[in-house]
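Novice: Let me begin by handing over the structure; questions about it come next.
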Amino acid sequence: MKKMLSLLLLVVSLYTQAQTINATNDVTQPKWIKTVSHEGMGYLNANGDVLLNPVYEELRPFGELKPEVAIIVQDGKSGLINRNGEIIAEPDYDSITTADAFNKDWLMVSIDEEFGMINLHGKIVVPIVYDELIPAEQVLMPEVIEYNINDKVIRSK
């Protein structure tokens with residue numbers, strides 16, 4: 001049963017990622033200058049002022065998750081910045097994904113294979129202590145299922 005739920009969560013996650021890739025194309029990106037140094041990537045604003053020091057491995061586009069936030073990656077961990085270039089969630093998370101099935105203003109995060117939720121301001125709204133988080137309406141299969149095959153009822157465990 002746990003494997004089936006994990007597979008369902010994976011399928012939902014892949015579908016959500018495919019949808020967010022298309023959404024990125026529709027989101028206006030800030031007019032910032034991406035900087036690259038031997039230490040990493042960062043951003044300058046249109047006046048040349050440093051918004052984000054060049055220490056990040058990745059700077060993903062706004063709209064990948066939500067239009068108002070972008071993922072930053074440092075030392076393999078993910079965090080978030082807002083459209084002002086401010087870090088709203090330090091890069092402490094193993095993953096950050098959408099959580100629209102739960103709340104459109106939340107993001108699912110994981111640390112050491114435990115899951116929780118943060119809001120779009122980086123505040124933890126569901127503690128990061130759970131093995132899985134699955135929307136109740138997606139849990140379709142009860143523990144015992146009855147099948148009617150050739151007028152015989154077959155029960156599974």
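Letters for chains follow the order of the structure tokens (A, B, ...), residue numbers begin at 1 for each chain, and ligand numbers begin at 1 in the order shown.
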What parts of region 14-142 of chain A does DSSP call strand (DSSP E)? I'd like the answer as a PyMOL selection string.
Specialist: chain A and resi 33-37+40-44+50-56+58-59+69-74+77-82+87-93+95-98+106-111+114-119+124-130
Novice: Compile the contact shell of Leu120 (chain A) as a VMD selection string: residues with an atom at most 9 Å away, counting only C-alpha atoms, same-chain residues fewer than 2 positions apart removed.
Specialist: chain A and resid 66 68 to 69 80 82 88 to 89 105 to 107 118 122 to 123
Novice: Write a file of the just-selected residues containing N, CA and C atoms, as a PDB file, in the first residue's frame.
Specialist:
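In the end it all went to result.pdb:
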ATOM      1  N   LYS A  66       5.920  29.274  -8.554  1.00  0.00           N
ATOM      2  CA  LYS A  66       4.909  30.329  -8.454  1.00  0.00           C
ATOM      3  C   LYS A  66       5.508  31.599  -9.070  1.00  0.00           C
ATOM      4  N   GLU A  68       5.669  34.576  -8.024  1.00  0.00           N
ATOM      5  CA  GLU A  68       6.277  35.514  -7.082  1.00  0.00           C
ATOM      6  C   GLU A  68       7.562  35.021  -6.418  1.00  0.00           C
ATOM      7  N   VAL A  69       7.974  33.776  -6.688  1.00  0.00           N
ATOM      8  CA  VAL A  69       9.190  33.234  -6.076  1.00  0.00           C
ATOM      9  C   VAL A  69      10.042  32.498  -7.111  1.00  0.00           C
ATOM     10  N   LEU A  80      14.482  30.023  -1.533  1.00  0.00           N
ATOM     11  CA  LEU A  80      13.628  30.864  -2.356  1.00  0.00           C
ATOM     12  C   LEU A  80      14.010  32.338  -2.236  1.00  0.00           C
ATOM     13  N   ASN A  82      12.353  36.346  -3.460  1.00  0.00           N
ATOM     14  CA  ASN A  82      11.158  37.010  -3.974  1.00  0.00           C
ATOM     15  C   ASN A  82      11.555  37.963  -5.096  1.00  0.00           C
ATOM     16  N   ILE A  88      13.811  34.643   0.956  1.00  0.00           N
ATOM     17  CA  ILE A  88      12.672  34.419   1.857  1.00  0.00           C
ATOM     18  C   ILE A  88      12.719  33.040   2.502  1.00  0.00           C
ATOM     19  N   ALA A  89      13.491  32.126   1.923  1.00  0.00           N
ATOM     20  CA  ALA A  89      13.734  30.811   2.523  1.00  0.00           C
ATOM     21  C   ALA A  89      15.189  30.468   2.228  1.00  0.00           C
ATOM     22  N   ASP A 105      -1.179  28.677  -1.863  1.00  0.00           N
ATOM     23  CA  ASP A 105      -0.176  29.593  -1.342  1.00  0.00           C
ATOM     24  C   ASP A 105       0.906  28.881  -0.528  1.00  0.00           C
ATOM     25  N   TRP A 106       0.975  27.550  -0.652  1.00  0.00           N
ATOM     26  CA  TRP A 106       1.980  26.775   0.059  1.00  0.00           C
ATOM     27  C   TRP A 106       2.891  26.052  -0.922  1.00  0.00           C
ATOM     28  N   LEU A 107       4.071  25.691  -0.442  1.00  0.00           N
ATOM     29  CA  LEU A 107       5.029  24.881  -1.185  1.00  0.00           C
ATOM     30  C   LEU A 107       5.435  23.703  -0.299  1.00  0.00           C
ATOM     31  N   ILE A 118       5.804  25.137   3.488  1.00  0.00           N
ATOM     32  CA  ILE A 118       6.098  26.534   3.802  1.00  0.00           C
ATOM     33  C   ILE A 118       5.147  27.393   2.987  1.00  0.00           C
ATOM     34  N   GLY A 122       8.127  31.973   3.106  1.00  0.00           N
ATOM     35  CA  GLY A 122       9.166  31.122   3.668  1.00  0.00           C
ATOM     36  C   GLY A 122       8.872  30.607   5.066  1.00  0.00           C
ATOM     37  N   LYS A 123       7.725  30.941   5.618  1.00  0.00           N
ATOM     38  CA  LYS A 123       7.366  30.503   6.967  1.00  0.00           C
ATOM     39  C   LYS A 123       6.848  29.062   6.928  1.00  0.00           C
TER      40      LYS A 123
END
Novice: Write out as a list in words each polymer residue whose atoms come within 9 Å of Glu90 (chain A), counting only C-alpha atoms; drop sequence neighbours fewer than 3 positions from it.
Specialist: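 My list of contacting residues is Ile72, Lys77, Ser78, Gly79, Leu80, Ile81, Ile87, Tyr93 and Gly122 of chain A.
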Novice: For the residues in that selection, give me C-alpha atoms as a compact mmCIF listing (two decimals), in the first residue's frame.
Specialist:
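Final output, saved to part.txt:
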# COMPACT_ATOMS: atom_id res chain seq x y z
CA ILE A 72 18.07 29.34 -5.54
CA LYS A 77 20.16 22.68 -1.10
CA SER A 78 17.22 24.78 -2.33
CA GLY A 79 15.82 28.05 -1.04
CA LEU A 80 13.63 30.86 -2.36
CA ILE A 81 13.93 34.52 -3.33
CA ILE A 87 15.97 35.55 0.36
CA TYR A 93 15.81 22.20 1.72
CA GLY A 122 9.17 31.12 3.67
Novice: If you measure from CA of Glu132 (chain A) to CA of Val73 (chain A), what distance in Å do you get, rounded to one decimal?
Specialist: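 Separation between CA of Glu132 (chain A) and CA of Val73 (chain A): 23.3 Å.
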Novice: Grab the CA of Pro127 (chain A) to CA of Asn53 (chain A) distance for me, in Å with one decimal place.
Specialist: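 Taking CA of Pro127 (chain A) and CA of Asn53 (chain A), their separation equals 29.5 Å.
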Novice: Set out as CSV a contact list for region 61-117 of chain A and region 29-50 of chain A with a cut-off of 8 Å, giving each residue of region 61-117 of chain A that qualifies its closest atom pair and distance in Å to one decimal, counting only C-alpha atoms, ordered by chain and rising residue number.
Specialist:
residue,atom,partner,partner_atom,distance
A:Pro61,CA,A:Gln29,CA,7.1
A:Phe62,CA,A:Gln29,CA,6.2
A:Arg83,CA,A:Pro30,CA,7.1
A:Gly85,CA,A:Tyr43,CA,7.9
Novice: Give me, as a list in words, all polymer residues having an atom no more than 10 Å from Ile128 (chain A), counting only C-alpha atoms and skipping those fewer than 3 positions away in the same chain.
Specialist: Met108, Val109, Ser110, Ile111, Asp112, Glu113, Glu114, Phe115, Gly116, Met117, Ile118, Ile124, Val125 and Asp131 of chain A
Novice: For the atom pair CA of Leu59 (chain A) and CA of Phe102 (chain A), what is the interatomic distance in Å to one decimal place?
Specialist: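 Separating CA of Leu59 (chain A) from CA of Phe102 (chain A) is a distance of 26.1 Å.
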Novice: With only C-alpha atoms as the counted atoms, please give the residues lying no more than 10 Å from Asp75 (chain A), apart from itself and same-chain residues fewer than 5 positions off, as a PDB file with N, CA, C and O atoms, in the first residue's frame.
Specialist:
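Result file around-v8.pdb:
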ATOM      1  N   VAL A  55      27.030  33.383  -5.158  1.00  0.00           N
ATOM      2  CA  VAL A  55      27.488  32.199  -4.435  1.00  0.00           C
ATOM      3  C   VAL A  55      26.584  30.986  -4.704  1.00  0.00           C
ATOM      4  O   VAL A  55      26.714  29.965  -4.034  1.00  0.00           O
ATOM      5  N   TYR A  56      25.701  31.083  -5.685  1.00  0.00           N
ATOM      6  CA  TYR A  56      24.693  30.041  -5.910  1.00  0.00           C
ATOM      7  C   TYR A  56      25.022  29.181  -7.120  1.00  0.00           C
ATOM      8  O   TYR A  56      25.487  29.677  -8.139  1.00  0.00           O
ATOM      9  N   GLU A  57      24.751  27.877  -6.997  1.00  0.00           N
ATOM     10  CA  GLU A  57      24.966  26.936  -8.093  1.00  0.00           C
ATOM     11  C   GLU A  57      23.929  27.118  -9.188  1.00  0.00           C
ATOM     12  O   GLU A  57      24.229  26.944 -10.365  1.00  0.00           O
ATOM     13  N   GLU A  58      22.694  27.414  -8.773  1.00  0.00           N
ATOM     14  CA  GLU A  58      21.593  27.581  -9.721  1.00  0.00           C
ATOM     15  C   GLU A  58      20.736  28.761  -9.290  1.00  0.00           C
ATOM     16  O   GLU A  58      20.540  28.992  -8.097  1.00  0.00           O
ATOM     17  N   PRO A  91      18.593  28.467   1.644  1.00  0.00           N
ATOM     18  CA  PRO A  91      18.781  27.188   0.941  1.00  0.00           C
ATOM     19  C   PRO A  91      19.137  26.052   1.907  1.00  0.00           C
ATOM     20  O   PRO A  91      20.278  25.659   2.038  1.00  0.00           O
ATOM     21  N   ASP A  92      18.104  25.567   2.589  1.00  0.00           N
ATOM     22  CA  ASP A  92      18.240  24.491   3.576  1.00  0.00           C
ATOM     23  C   ASP A  92      17.489  23.232   3.172  1.00  0.00           C
ATOM     24  O   ASP A  92      17.565  22.217   3.857  1.00  0.00           O
TER      25      ASP A  92
END
